[in-house]
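Take a look at the structure below.
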Amino acid sequence: MSLPLNNIIKLVNLPETARRQWADDVQVHLDLDRLLCEMTCKKRQAAEICNWLFSQLGYTFATMVVEETSSEWLLRYIFYGTPGSGQVHVCFPLPKPEVHVPSISRFVHAADWHERETEDLFGLTFEGHPRLGDFVLHEQWPEGVNPMRHGFDAAAPFAPREIGPEWRPQGIVQAPGAFMMPIGPVYSDAAESAHFLLETVGEDVIRTIPRFFYKYRGVEKIAEGRSVDRALLLSERFSGTSAFAHSLAFCQAVEEIARIEIPRRARALRVFFAELERFRHHVGAIAAICGSTALAVATSQAGILEEEALRLTAAVTGHRYLFGLNIPGGLSRDFSDPRCQSLSDGVQGLLEKLCELKSRLRFSSSFLDRLEEVGLVSREHAFQYGLVGPIARASGIARDIRRVLPYADYERYAFDIPCEQEGDGYARLRVLFSEAEQSAGILKQAVSSLPGGPVSSGPVEMRPGASLGWVEAPRGAAFHWIRIGEGGTVARYRLTTPSFTNWHGFHLAAEDFAFQDFPIIMATFGLSNAESDR
C-alpha cells in the first residue's frame with residue numbers, strides 16, 4: 001500500500017468532488033474560516049465516504065462522536081488531513097429504534113476501537129465488525145446495560161453478572177504447544193491497571209491481546225448536565241500528566257461555541273505552558289525507558305531532571321502539573337515576564353543536562369541492544385491504525401496537530417517536527433529527546449516576545465452549540481467534542497485521547513519479539529492507561 005499523504009485534494013475542492021460522486025445523497029457545508037467541511041449523508045453512504053477520505057485522499061481518522069436525541073441517533077466521523085486540508089466531518093442521522101450501523105473499520109482500521117466502545121456504551125451494533133462485545137464493559141456487566149444512553153440511571157444498583165466456571169479468555173493462536181501468558185491487571189509500584197494476554201509457541205510473542213477499562217470512570221457521562229466550569233475540572237483531572245493539554249482542548253471547544261476572541265497574551269502563555277508540560281512529560285518518559293532496561297544510573301539522572309522540572313513548574317505556577325490555569329476565555333491568572341523568563345532559563349539548564357544524558361546513552365551498547373530493531377511499527381501500519389504523537393513520528397509519519405490544525409499561537413513560532421524512519425524503540429527514544437529540545441526552543445521564543453495585555457476575555461456567556469477542540473498533547477493528538485445545550489450546561493462530551501488511539505496499535509510492536517522485550521516496548525510507547533479508562 002502506498003500512502004497518499006502528499007496527494008491531498010485541498011479542502012476548498014472537497015464539496016465539488018463529493019457532489020460529483022454522490023450527487024444528492026450528500027449535503028456539503030464548507031466553512032473556510034474554521035477549515036471545516038461537513039458532509040451530511042445517508043447511512044448507506046457513510047462507510048463509502050469514509051473510505052474515500054482515508055484511502056484516496058489520505059485523511060487521518062480522528063474520532064467518532066455519537067449523540068442521542070429524543071427521536072434519533074446522530075453519528076459523526078471526524079477526519080483531518082495535512083496542512084491546508086483542514087478537518088472533514090461525515091455525519092448521518094439514524095432513527096432511534098434502529099441500532100444497526102455499517103462498520104467503517106474494514107476500510108478505516110483506526111475506527112476499530114471506537115466502534116467497539118460505542119457498541120458497549122450505546123448499544124449500537126456495527127455490521128461487519130469482526131469482534132464486538134466485552135470491551136469497555138467487562139464480563140461482570142449485565143447484558144443490555146449501556147451506560148452512555150440517556151435512560152441509564154447511574155444511581156440505580158444492578159447485580160453483576162456471574163461468570164461461569166467454563167469461561168476462558170478468547171485466544172487466537174491455535175497450534176500444538178500454544179501458551180497464554182497473562183500480564184496484569186495488577187502490578188507493583190504505581191503502574192495503572194491493564195491486562196495483556198501474550199500468546200506464544202516458544203519464547204516469542206505471537207499475539208498480544210490488550211485489555212483496559214478496569215477503572216472505567218464514565219467521565220463523559222458524569223459531564224452531562226454539568227456546568228462548563230465543572231466539566232472543565234473533569235477534563236484536566238482524568239489524566240493528570242497531560243492536564244494542561246486536555247484542559248486547553250476543552251477550553252478551545254467552548255470558546256469556539258461561545259465565539260470568544262482570546263487575548264494575544266493568553267494565547268502566547270498557553271503555548272508556553274503547553275511546551276513546558278511536553279518537556280516535563282518527555283523527560284519522564286525517557287526515565288521510564290531507562291528504567292525498563294535496568295539502567296539504574298541513567299534512570300536516576302532522568303528522574304532527577306523530571307523532578308526538577310516539576311519543582312520549577314510549581315514554584316512559578318503553584319501546581320506541579322499545571323492544574324487550574326486554563327479557563328474558557330484564556331488563563332485564570334497572569335504571570336510576570338521575569339517569572340516566565342526564570343522558568344524558561346531553568347528549562348534551558350535542564351536541557352543541557354538532558355543532552356548530556358542523550359550523548360552518554362548513545363554509546364551504551366547494552367542499552368542500545370535492548371532498543372534497536374525491537375518493537376517495530378512500520379510506516380504503513382502507523383498510517384492504517386492512525387497512530388499519533390512521538391510513536392507515529394518514530395515510524396515516519398511527520399504529523400503534528402500544531403502544524404496540521406494550528407491553534408493558540410503556534411503559527412508565530414519556528415520549530416521542527418522530529419521524525420525518524422526505523423519505527424523501533426530507539427527511534428521513539430530519539431524522537432522524545434528531539435521533541436524536548438524543540439519544546440525548550442519554543443519556550444525561549446515565547447518568553448522573548450510575550451505581548452502585553454490581559455490574559456482573559458472576561459466572563460463567558462454560553463450559548464447552545466457544538467464544537468471540536470484539539471491539541472497536540474505530549475503523547476499525541478487529543479480531541480474534545482462538546483455540545484452545549486439550553487441553559488449553558490454540557491449535553492455531550494466526547495474525549496479521544498492519544499493513549500486510547502495508540503494502545504490500539506501497541507500489539508504491532510509487541511508481537512514477534514521475546515517475552516523479555518515486552519516491558520521495554522511498553523516503556524518506549526510511554527502511554528497512560530488512565531487516558532483510556534476515562
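Please note that chains go A, B, ... in the order of the C-alpha cells, that every chain numbers its residues from 1, and that ligands are numbered from 1 in the order shown.
Using only C-alpha atoms, the contacts of Phe506 (chain A) at a cut-off of 10 Å, with sequence neighbours closer than 3 positions omitted, comprise Thr208, Ile209, Pro210, Gly375, Val377, Tyr385, Leu387, Ile391, Ser499, Thr501, Asn502, Trp503, Ala509, Ala510, Glu511, Ile521, Met522, Phe525 and Leu527 of chain A.
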Residues at most 9 Å from region 213-218 of chain A, counting only C-alpha atoms, excluding those fewer than 2 positions away in the same chain, as a PDB file with N, CA, C and O atoms, in the first residue's frame?
```
ATOM      1  N   PHE A 135     -15.815  -5.090  25.800  1.00  0.00           N
ATOM      2  CA  PHE A 135     -14.667  -4.231  25.529  1.00  0.00           C
ATOM      3  C   PHE A 135     -14.462  -3.265  26.694  1.00  0.00           C
ATOM      4  O   PHE A 135     -13.644  -3.501  27.569  1.00  0.00           O
ATOM      5  N   VAL A 136     -15.244  -2.201  26.745  1.00  0.00           N
ATOM      6  CA  VAL A 136     -15.206  -1.315  27.913  1.00  0.00           C
ATOM      7  C   VAL A 136     -15.882  -1.993  29.097  1.00  0.00           C
ATOM      8  O   VAL A 136     -15.387  -1.971  30.222  1.00  0.00           O
ATOM      9  N   LEU A 137     -17.025  -2.613  28.842  1.00  0.00           N
ATOM     10  CA  LEU A 137     -17.789  -3.284  29.895  1.00  0.00           C
ATOM     11  C   LEU A 137     -17.359  -4.748  29.953  1.00  0.00           C
ATOM     12  O   LEU A 137     -17.637  -5.519  29.034  1.00  0.00           O
ATOM     13  N   HIS A 138     -16.712  -5.123  31.017  1.00  0.00           N
ATOM     14  CA  HIS A 138     -16.180  -6.469  31.140  1.00  0.00           C
ATOM     15  C   HIS A 138     -17.302  -7.466  31.462  1.00  0.00           C
ATOM     16  O   HIS A 138     -18.471  -7.113  31.554  1.00  0.00           O
ATOM     17  N   PRO A 147     -24.239   2.355  29.526  1.00  0.00           N
ATOM     18  CA  PRO A 147     -24.188   3.491  30.449  1.00  0.00           C
ATOM     19  C   PRO A 147     -24.203   4.875  29.807  1.00  0.00           C
ATOM     20  O   PRO A 147     -24.449   5.859  30.503  1.00  0.00           O
ATOM     21  N   MET A 148     -23.960   4.999  28.507  1.00  0.00           N
ATOM     22  CA  MET A 148     -23.996   6.319  27.896  1.00  0.00           C
ATOM     23  C   MET A 148     -25.377   6.689  27.357  1.00  0.00           C
ATOM     24  O   MET A 148     -25.585   7.812  26.905  1.00  0.00           O
ATOM     25  N   PRO A 185      -3.969  -7.660  35.516  1.00  0.00           N
ATOM     26  CA  PRO A 185      -4.033  -6.192  35.545  1.00  0.00           C
ATOM     27  C   PRO A 185      -3.415  -5.532  36.775  1.00  0.00           C
ATOM     28  O   PRO A 185      -3.382  -4.313  36.857  1.00  0.00           O
ATOM     29  N   SER A 193      -3.813  -0.113  36.046  1.00  0.00           N
ATOM     30  CA  SER A 193      -4.385  -1.431  35.749  1.00  0.00           C
ATOM     31  C   SER A 193      -4.548  -1.639  34.248  1.00  0.00           C
ATOM     32  O   SER A 193      -5.128  -0.807  33.556  1.00  0.00           O
ATOM     33  N   ALA A 194      -4.050  -2.756  33.780  1.00  0.00           N
ATOM     34  CA  ALA A 194      -4.247  -3.188  32.394  1.00  0.00           C
ATOM     35  C   ALA A 194      -3.852  -4.657  32.318  1.00  0.00           C
ATOM     36  O   ALA A 194      -2.999  -5.125  33.072  1.00  0.00           O
ATOM     37  N   HIS A 195      -4.479  -5.357  31.407  1.00  0.00           N
ATOM     38  CA  HIS A 195      -4.218  -6.797  31.256  1.00  0.00           C
ATOM     39  C   HIS A 195      -3.743  -7.051  29.837  1.00  0.00           C
ATOM     40  O   HIS A 195      -4.321  -6.542  28.871  1.00  0.00           O
ATOM     41  N   ARG A 211      -6.178  -5.465  27.234  1.00  0.00           N
ATOM     42  CA  ARG A 211      -7.496  -5.202  27.810  1.00  0.00           C
ATOM     43  C   ARG A 211      -7.378  -4.113  28.868  1.00  0.00           C
ATOM     44  O   ARG A 211      -6.584  -4.224  29.795  1.00  0.00           O
ATOM     45  N   GLU A 220     -17.314  10.988  30.509  1.00  0.00           N
ATOM     46  CA  GLU A 220     -18.242  11.598  29.555  1.00  0.00           C
ATOM     47  C   GLU A 220     -19.664  11.627  30.114  1.00  0.00           C
ATOM     48  O   GLU A 220     -20.410  12.589  29.913  1.00  0.00           O
ATOM     49  N   LYS A 221     -20.060  10.582  30.815  1.00  0.00           N
ATOM     50  CA  LYS A 221     -21.403  10.519  31.400  1.00  0.00           C
ATOM     51  C   LYS A 221     -21.532  11.512  32.549  1.00  0.00           C
ATOM     52  O   LYS A 221     -22.553  12.206  32.679  1.00  0.00           O
ATOM     53  N   ILE A 222     -20.504  11.581  33.389  1.00  0.00           N
ATOM     54  CA  ILE A 222     -20.539  12.487  34.537  1.00  0.00           C
ATOM     55  C   ILE A 222     -20.674  13.939  34.072  1.00  0.00           C
ATOM     56  O   ILE A 222     -21.312  14.760  34.731  1.00  0.00           O
ATOM     57  N   ALA A 223     -20.073  14.262  32.924  1.00  0.00           N
ATOM     58  CA  ALA A 223     -20.092  15.647  32.435  1.00  0.00           C
ATOM     59  C   ALA A 223     -21.474  16.100  31.995  1.00  0.00           C
ATOM     60  O   ALA A 223     -21.756  17.305  32.001  1.00  0.00           O
ATOM     61  N   PHE A 238      -8.722  13.821  34.571  1.00  0.00           N
ATOM     62  CA  PHE A 238      -8.797  12.389  34.269  1.00  0.00           C
ATOM     63  C   PHE A 238      -7.438  11.845  33.843  1.00  0.00           C
ATOM     64  O   PHE A 238      -7.202  10.639  33.881  1.00  0.00           O
ATOM     65  N   ASN A 529      -2.737   4.380  30.912  1.00  0.00           N
ATOM     66  CA  ASN A 529      -3.990   3.627  30.984  1.00  0.00           C
ATOM     67  C   ASN A 529      -5.143   4.524  31.411  1.00  0.00           C
ATOM     68  O   ASN A 529      -6.286   4.336  30.998  1.00  0.00           O
ATOM     69  N   ALA A 530      -4.847   5.510  32.259  1.00  0.00           N
ATOM     70  CA  ALA A 530      -5.892   6.407  32.746  1.00  0.00           C
ATOM     71  C   ALA A 530      -6.524   7.191  31.611  1.00  0.00           C
ATOM     72  O   ALA A 530      -7.717   7.497  31.639  1.00  0.00           O
ATOM     73  N   SER A 532      -7.125   6.053  28.777  1.00  0.00           N
ATOM     74  CA  SER A 532      -8.083   5.154  28.139  1.00  0.00           C
ATOM     75  C   SER A 532      -9.272   4.871  29.047  1.00  0.00           C
ATOM     76  O   SER A 532     -10.413   4.830  28.596  1.00  0.00           O
ATOM     77  N   ASP A 533      -9.009   4.682  30.329  1.00  0.00           N
ATOM     78  CA  ASP A 533     -10.063   4.358  31.298  1.00  0.00           C
ATOM     79  C   ASP A 533     -10.807   5.625  31.731  1.00  0.00           C
ATOM     80  O   ASP A 533     -11.018   5.863  32.915  1.00  0.00           O
ATOM     81  N   ARG A 534     -11.184   6.410  30.769  1.00  0.00           N
ATOM     82  CA  ARG A 534     -11.777   7.703  31.086  1.00  0.00           C
ATOM     83  C   ARG A 534     -13.262   7.583  31.358  1.00  0.00           C
ATOM     84  O   ARG A 534     -13.872   8.523  31.807  1.00  0.00           O
TER      85      ARG A 534
END
```
* Asked: At what distance in Å, to one decimal, does CA of Arg264 (chain A) lie from CA of Tyr493 (chain A)?
  -> 27.4 Å
Please list as a CSV table (one decimal) with all heavy atoms, in the first residue's frame every residue within 8 Å of Ala111 (chain A), counting only C-alpha atoms and excluding residues in the same chain fewer than 6 positions away.
```
chain,number,residue,atom,x,y,z
A,61,PHE,N,-8.1,9.4,10.4
A,61,PHE,CA,-9.3,9.3,11.3
A,61,PHE,C,-9.0,9.9,12.7
A,61,PHE,O,-8.0,9.5,13.3
A,61,PHE,CB,-9.7,7.9,11.4
A,61,PHE,CG,-10.9,7.7,12.3
A,61,PHE,CD1,-12.2,8.0,11.8
A,61,PHE,CD2,-10.8,7.2,13.6
A,61,PHE,CE1,-13.3,7.8,12.7
A,61,PHE,CE2,-11.9,7.0,14.4
A,61,PHE,CZ,-13.1,7.3,14.0
A,63,THR,N,-11.7,10.8,15.3
A,63,THR,CA,-12.6,10.3,16.3
A,63,THR,C,-14.0,10.1,15.8
A,63,THR,O,-14.3,10.5,14.6
A,63,THR,CB,-12.7,11.3,17.5
A,63,THR,OG1,-13.5,10.7,18.6
A,63,THR,CG2,-13.3,12.6,17.1
A,64,MET,N,-14.8,9.4,16.5
A,64,MET,CA,-16.2,9.2,16.2
A,64,MET,C,-17.1,9.7,17.4
A,64,MET,O,-16.8,9.4,18.5
A,64,MET,CB,-16.5,7.7,16.0
A,64,MET,CG,-18.0,7.4,15.6
A,64,MET,SD,-18.3,5.7,15.2
A,64,MET,CE,-18.0,4.9,16.7
A,104,ILE,N,-17.2,1.0,9.6
A,104,ILE,CA,-16.2,1.6,8.7
A,104,ILE,C,-14.8,1.0,8.9
A,104,ILE,O,-13.9,1.3,8.2
A,104,ILE,CB,-16.2,3.1,8.8
A,104,ILE,CG1,-15.6,3.5,10.1
A,104,ILE,CG2,-17.6,3.7,8.5
A,104,ILE,CD1,-15.2,5.0,10.1
A,105,SER,N,-14.7,0.2,10.0
A,105,SER,CA,-13.4,-0.3,10.4
A,105,SER,C,-12.7,-1.2,9.4
A,105,SER,O,-11.5,-1.4,9.4
A,105,SER,CB,-13.4,-1.0,11.7
A,105,SER,OG,-14.2,-2.1,11.7
```
* **Given only C-alpha atoms as the counted atoms, nearest of A:Gln516, A:Ser378, A:Gln445, A:Ser434 to Leu351 (chain A)** => A:Ser434
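Residues lying within 7 Å of region 258-262 of chain A, counting only C-alpha atoms and ignoring same-chain neighbours fewer than 4 positions away, are Val254, Ala266, Arg267, Gly329, Gly330, Ser456, Ser457, Glu461, Met462 and Arg463 of chain A.
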Store the residues picked out above in a file with N, CA, C and O atoms, as a CSV table (one decimal), in the first residue's frame.
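Printed below is again38.csv as written:
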```
chain,number,residue,atom,x,y,z
A,254,VAL,N,-15.1,25.1,23.8
A,254,VAL,CA,-16.0,26.0,24.5
A,254,VAL,C,-15.9,27.4,23.9
A,254,VAL,O,-16.9,28.1,23.6
A,266,ALA,N,-2.7,35.7,26.4
A,266,ALA,CA,-3.2,34.4,26.8
A,266,ALA,C,-2.8,33.3,25.8
A,266,ALA,O,-2.4,32.2,26.2
A,267,ARG,N,-2.9,33.6,24.5
A,267,ARG,CA,-2.5,32.6,23.5
A,267,ARG,C,-1.1,32.3,23.7
A,267,ARG,O,-0.7,31.1,23.5
A,329,GLY,N,-11.9,31.4,27.7
A,329,GLY,CA,-11.6,32.8,27.5
A,329,GLY,C,-10.1,33.2,27.8
A,329,GLY,O,-9.7,34.3,27.5
A,330,GLY,N,-9.3,32.2,28.2
A,330,GLY,CA,-7.9,32.5,28.4
A,330,GLY,C,-7.3,31.7,29.6
A,330,GLY,O,-7.4,30.5,29.7
A,456,SER,N,-7.3,37.1,29.9
A,456,SER,CA,-8.7,36.6,29.9
A,456,SER,C,-9.6,37.5,29.2
A,456,SER,O,-9.5,38.8,29.3
A,457,SER,N,-10.6,37.0,28.4
A,457,SER,CA,-11.5,37.8,27.8
A,457,SER,C,-12.7,38.3,28.7
A,457,SER,O,-13.5,39.0,28.3
A,461,GLU,N,-20.4,34.1,28.2
A,461,GLU,CA,-21.8,33.8,28.1
A,461,GLU,C,-22.0,32.6,27.2
A,461,GLU,O,-21.7,32.7,26.0
A,462,MET,N,-22.4,31.5,27.8
A,462,MET,CA,-22.6,30.3,26.9
A,462,MET,C,-23.9,30.4,26.1
A,462,MET,O,-24.9,31.0,26.5
A,463,ARG,N,-23.8,29.7,25.0
A,463,ARG,CA,-25.0,29.6,24.1
A,463,ARG,C,-25.0,28.2,23.6
A,463,ARG,O,-24.0,27.5,23.6
```
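Of the listed residues A:Arg19, A:Lys444, A:Lys353, A:Arg230, the one whose atoms come nearest to Leu276 (chain A) is A:Lys444, with distances taken using only C-alpha atoms.
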Excluding same-chain residues fewer than 3 positions from Ala231 (chain A), what lies within 12 Å of it counting only C-alpha atoms, as a PDB file with N, CA, C and O atoms, in the first residue's frame?
```
ATOM      1  N   VAL A 219     -16.280   9.443  32.594  1.00  0.00           N
ATOM      2  CA  VAL A 219     -16.105  10.894  32.606  1.00  0.00           C
ATOM      3  C   VAL A 219     -17.100  11.570  31.679  1.00  0.00           C
ATOM      4  O   VAL A 219     -17.680  12.614  32.023  1.00  0.00           O
ATOM      5  N   GLU A 220     -17.314  10.988  30.509  1.00  0.00           N
ATOM      6  CA  GLU A 220     -18.242  11.598  29.555  1.00  0.00           C
ATOM      7  C   GLU A 220     -19.664  11.627  30.114  1.00  0.00           C
ATOM      8  O   GLU A 220     -20.410  12.589  29.913  1.00  0.00           O
ATOM      9  N   LYS A 221     -20.060  10.582  30.815  1.00  0.00           N
ATOM     10  CA  LYS A 221     -21.403  10.519  31.400  1.00  0.00           C
ATOM     11  C   LYS A 221     -21.532  11.512  32.549  1.00  0.00           C
ATOM     12  O   LYS A 221     -22.553  12.206  32.679  1.00  0.00           O
ATOM     13  N   ILE A 222     -20.504  11.581  33.389  1.00  0.00           N
ATOM     14  CA  ILE A 222     -20.539  12.487  34.537  1.00  0.00           C
ATOM     15  C   ILE A 222     -20.674  13.939  34.072  1.00  0.00           C
ATOM     16  O   ILE A 222     -21.312  14.760  34.731  1.00  0.00           O
ATOM     17  N   ALA A 223     -20.073  14.262  32.924  1.00  0.00           N
ATOM     18  CA  ALA A 223     -20.092  15.647  32.435  1.00  0.00           C
ATOM     19  C   ALA A 223     -21.474  16.100  31.995  1.00  0.00           C
ATOM     20  O   ALA A 223     -21.756  17.305  32.001  1.00  0.00           O
ATOM     21  N   GLU A 224     -22.337  15.159  31.625  1.00  0.00           N
ATOM     22  CA  GLU A 224     -23.659  15.537  31.107  1.00  0.00           C
ATOM     23  C   GLU A 224     -24.463  16.282  32.170  1.00  0.00           C
ATOM     24  O   GLU A 224     -24.577  15.829  33.313  1.00  0.00           O
ATOM     25  N   GLY A 225     -24.994  17.425  31.787  1.00  0.00           N
ATOM     26  CA  GLY A 225     -25.792  18.226  32.699  1.00  0.00           C
ATOM     27  C   GLY A 225     -24.984  19.116  33.616  1.00  0.00           C
ATOM     28  O   GLY A 225     -25.563  19.905  34.376  1.00  0.00           O
ATOM     29  N   ARG A 226     -23.653  19.007  33.568  1.00  0.00           N
ATOM     30  CA  ARG A 226     -22.808  19.855  34.404  1.00  0.00           C
ATOM     31  C   ARG A 226     -22.578  21.210  33.736  1.00  0.00           C
ATOM     32  O   ARG A 226     -22.647  21.340  32.512  1.00  0.00           O
ATOM     33  N   SER A 227     -22.242  22.181  34.544  1.00  0.00           N
ATOM     34  CA  SER A 227     -21.834  23.475  34.001  1.00  0.00           C
ATOM     35  C   SER A 227     -20.494  23.326  33.311  1.00  0.00           C
ATOM     36  O   SER A 227     -19.746  22.362  33.552  1.00  0.00           O
ATOM     37  N   VAL A 228     -20.168  24.276  32.459  1.00  0.00           N
ATOM     38  CA  VAL A 228     -18.897  24.236  31.755  1.00  0.00           C
ATOM     39  C   VAL A 228     -17.734  24.246  32.745  1.00  0.00           C
ATOM     40  O   VAL A 228     -16.744  23.515  32.571  1.00  0.00           O
ATOM     41  N   LEU A 234     -13.220  18.081  35.169  1.00  0.00           N
ATOM     42  CA  LEU A 234     -13.092  16.694  34.725  1.00  0.00           C
ATOM     43  C   LEU A 234     -12.032  16.577  33.634  1.00  0.00           C
ATOM     44  O   LEU A 234     -11.255  15.621  33.595  1.00  0.00           O
ATOM     45  N   SER A 235     -12.016  17.546  32.717  1.00  0.00           N
ATOM     46  CA  SER A 235     -11.119  17.462  31.564  1.00  0.00           C
ATOM     47  C   SER A 235      -9.653  17.493  31.966  1.00  0.00           C
ATOM     48  O   SER A 235      -8.810  16.879  31.303  1.00  0.00           O
ATOM     49  N   GLU A 236      -9.303  18.200  33.029  1.00  0.00           N
ATOM     50  CA  GLU A 236      -7.899  18.305  33.399  1.00  0.00           C
ATOM     51  C   GLU A 236      -7.488  17.317  34.476  1.00  0.00           C
ATOM     52  O   GLU A 236      -6.310  17.233  34.811  1.00  0.00           O
ATOM     53  N   ARG A 237      -8.433  16.548  34.988  1.00  0.00           N
ATOM     54  CA  ARG A 237      -8.097  15.639  36.083  1.00  0.00           C
ATOM     55  C   ARG A 237      -8.167  14.158  35.721  1.00  0.00           C
ATOM     56  O   ARG A 237      -7.712  13.327  36.501  1.00  0.00           O
ATOM     57  N   PHE A 238      -8.722  13.821  34.571  1.00  0.00           N
ATOM     58  CA  PHE A 238      -8.797  12.389  34.269  1.00  0.00           C
ATOM     59  C   PHE A 238      -7.438  11.845  33.843  1.00  0.00           C
ATOM     60  O   PHE A 238      -7.202  10.639  33.881  1.00  0.00           O
ATOM     61  N   HIS A 246      -5.199  18.704  27.937  1.00  0.00           N
ATOM     62  CA  HIS A 246      -6.607  18.334  27.844  1.00  0.00           C
ATOM     63  C   HIS A 246      -7.523  19.495  28.226  1.00  0.00           C
ATOM     64  O   HIS A 246      -8.574  19.704  27.596  1.00  0.00           O
ATOM     65  N   SER A 247      -7.145  20.257  29.225  1.00  0.00           N
ATOM     66  CA  SER A 247      -7.986  21.405  29.586  1.00  0.00           C
ATOM     67  C   SER A 247      -7.947  22.460  28.487  1.00  0.00           C
ATOM     68  O   SER A 247      -8.938  23.160  28.248  1.00  0.00           O
ATOM     69  N   PHE A 250     -10.374  21.328  25.764  1.00  0.00           N
ATOM     70  CA  PHE A 250     -11.735  21.578  26.245  1.00  0.00           C
ATOM     71  C   PHE A 250     -12.087  23.055  26.103  1.00  0.00           C
ATOM     72  O   PHE A 250     -13.148  23.413  25.572  1.00  0.00           O
ATOM     73  N   CYS A 251     -11.199  23.917  26.587  1.00  0.00           N
ATOM     74  CA  CYS A 251     -11.485  25.359  26.548  1.00  0.00           C
ATOM     75  C   CYS A 251     -11.610  25.869  25.115  1.00  0.00           C
ATOM     76  O   CYS A 251     -12.460  26.721  24.823  1.00  0.00           O
ATOM     77  N   VAL A 254     -15.067  25.106  23.845  1.00  0.00           N
ATOM     78  CA  VAL A 254     -16.042  26.003  24.461  1.00  0.00           C
ATOM     79  C   VAL A 254     -15.934  27.404  23.865  1.00  0.00           C
ATOM     80  O   VAL A 254     -16.939  28.063  23.577  1.00  0.00           O
ATOM     81  N   ILE A 327      -8.909  28.416  31.506  1.00  0.00           N
ATOM     82  CA  ILE A 327     -10.341  28.668  31.694  1.00  0.00           C
ATOM     83  C   ILE A 327     -10.886  29.128  30.352  1.00  0.00           C
ATOM     84  O   ILE A 327     -10.131  29.638  29.508  1.00  0.00           O
ATOM     85  N   PRO A 328     -12.177  28.953  30.084  1.00  0.00           N
ATOM     86  CA  PRO A 328     -12.741  29.497  28.851  1.00  0.00           C
ATOM     87  C   PRO A 328     -12.501  31.001  28.772  1.00  0.00           C
ATOM     88  O   PRO A 328     -12.839  31.743  29.694  1.00  0.00           O
ATOM     89  N   HIS A 480     -11.474  16.854  21.828  1.00  0.00           N
ATOM     90  CA  HIS A 480     -12.563  17.020  22.790  1.00  0.00           C
ATOM     91  C   HIS A 480     -13.767  17.609  22.053  1.00  0.00           C
ATOM     92  O   HIS A 480     -13.708  18.754  21.594  1.00  0.00           O
ATOM     93  N   ILE A 482     -17.618  18.842  22.296  1.00  0.00           N
ATOM     94  CA  ILE A 482     -18.538  19.339  23.317  1.00  0.00           C
ATOM     95  C   ILE A 482     -19.795  19.882  22.652  1.00  0.00           C
ATOM     96  O   ILE A 482     -19.715  20.623  21.663  1.00  0.00           O
ATOM     97  N   ARG A 483     -20.936  19.501  23.205  1.00  0.00           N
ATOM     98  CA  ARG A 483     -22.203  20.123  22.821  1.00  0.00           C
ATOM     99  C   ARG A 483     -22.788  20.789  24.058  1.00  0.00           C
ATOM    100  O   ARG A 483     -22.947  20.154  25.098  1.00  0.00           O
ATOM    101  N   ILE A 484     -23.094  22.062  23.918  1.00  0.00           N
ATOM    102  CA  ILE A 484     -23.719  22.828  24.985  1.00  0.00           C
ATOM    103  C   ILE A 484     -25.211  22.936  24.690  1.00  0.00           C
ATOM    104  O   ILE A 484     -25.611  23.309  23.584  1.00  0.00           O
ATOM    105  N   GLY A 488     -26.923  26.409  29.057  1.00  0.00           N
ATOM    106  CA  GLY A 488     -25.477  26.522  29.179  1.00  0.00           C
ATOM    107  C   GLY A 488     -24.782  25.341  29.810  1.00  0.00           C
ATOM    108  O   GLY A 488     -23.611  25.447  30.180  1.00  0.00           O
ATOM    109  N   THR A 489     -25.470  24.214  29.941  1.00  0.00           N
ATOM    110  CA  THR A 489     -24.831  23.026  30.518  1.00  0.00           C
ATOM    111  C   THR A 489     -24.372  22.076  29.404  1.00  0.00           C
ATOM    112  O   THR A 489     -24.804  22.174  28.257  1.00  0.00           O
ATOM    113  N   VAL A 490     -23.512  21.140  29.768  1.00  0.00           N
ATOM    114  CA  VAL A 490     -22.943  20.202  28.803  1.00  0.00           C
ATOM    115  C   VAL A 490     -23.975  19.124  28.475  1.00  0.00           C
ATOM    116  O   VAL A 490     -24.446  18.407  29.365  1.00  0.00           O
ATOM    117  N   ALA A 491     -24.315  19.013  27.196  1.00  0.00           N
ATOM    118  CA  ALA A 491     -25.237  17.967  26.754  1.00  0.00           C
ATOM    119  C   ALA A 491     -24.497  16.721  26.286  1.00  0.00           C
ATOM    120  O   ALA A 491     -25.015  15.605  26.416  1.00  0.00           O
ATOM    121  N   ARG A 492     -23.297  16.899  25.738  1.00  0.00           N
ATOM    122  CA  ARG A 492     -22.492  15.753  25.292  1.00  0.00           C
ATOM    123  C   ARG A 492     -21.026  16.150  25.338  1.00  0.00           C
ATOM    124  O   ARG A 492     -20.641  17.233  24.896  1.00  0.00           O
ATOM    125  N   TYR A 493     -20.230  15.283  25.909  1.00  0.00           N
ATOM    126  CA  TYR A 493     -18.788  15.492  25.995  1.00  0.00           C
ATOM    127  C   TYR A 493     -18.123  14.213  25.529  1.00  0.00           C
ATOM    128  O   TYR A 493     -18.373  13.144  26.083  1.00  0.00           O
ATOM    129  N   ARG A 494     -17.302  14.326  24.500  1.00  0.00           N
ATOM    130  CA  ARG A 494     -16.631  13.155  23.928  1.00  0.00           C
ATOM    131  C   ARG A 494     -15.119  13.370  23.942  1.00  0.00           C
ATOM    132  O   ARG A 494     -14.623  14.357  23.416  1.00  0.00           O
ATOM    133  N   LEU A 495     -14.405  12.446  24.555  1.00  0.00           N
ATOM    134  CA  LEU A 495     -12.952  12.523  24.686  1.00  0.00           C
ATOM    135  C   LEU A 495     -12.290  11.469  23.808  1.00  0.00           C
ATOM    136  O   LEU A 495     -12.662  10.296  23.853  1.00  0.00           O
TER     137      LEU A 495
END
```
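Within 9 Å of Ala427 (chain A), once only C-alpha atoms are used and residues closer than 3 positions along the same chain are dropped, the contacting residues are Leu371, Glu372, Ile391, Arg393, Ala394, Ser395, Cys419, Glu420, Gln421, Glu422, Gly423, Asp424, Arg430, Val431 and Leu432 of chain A.
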* All residues 9 Å or closer to Phe272 (chain A), only C-alpha atoms, same chain fewer than 5 positions away omitted, as JSON, numbers by chain -> {"A": [267, 277, 340, 344, 439, 442, 443, 444, 446, 447]}
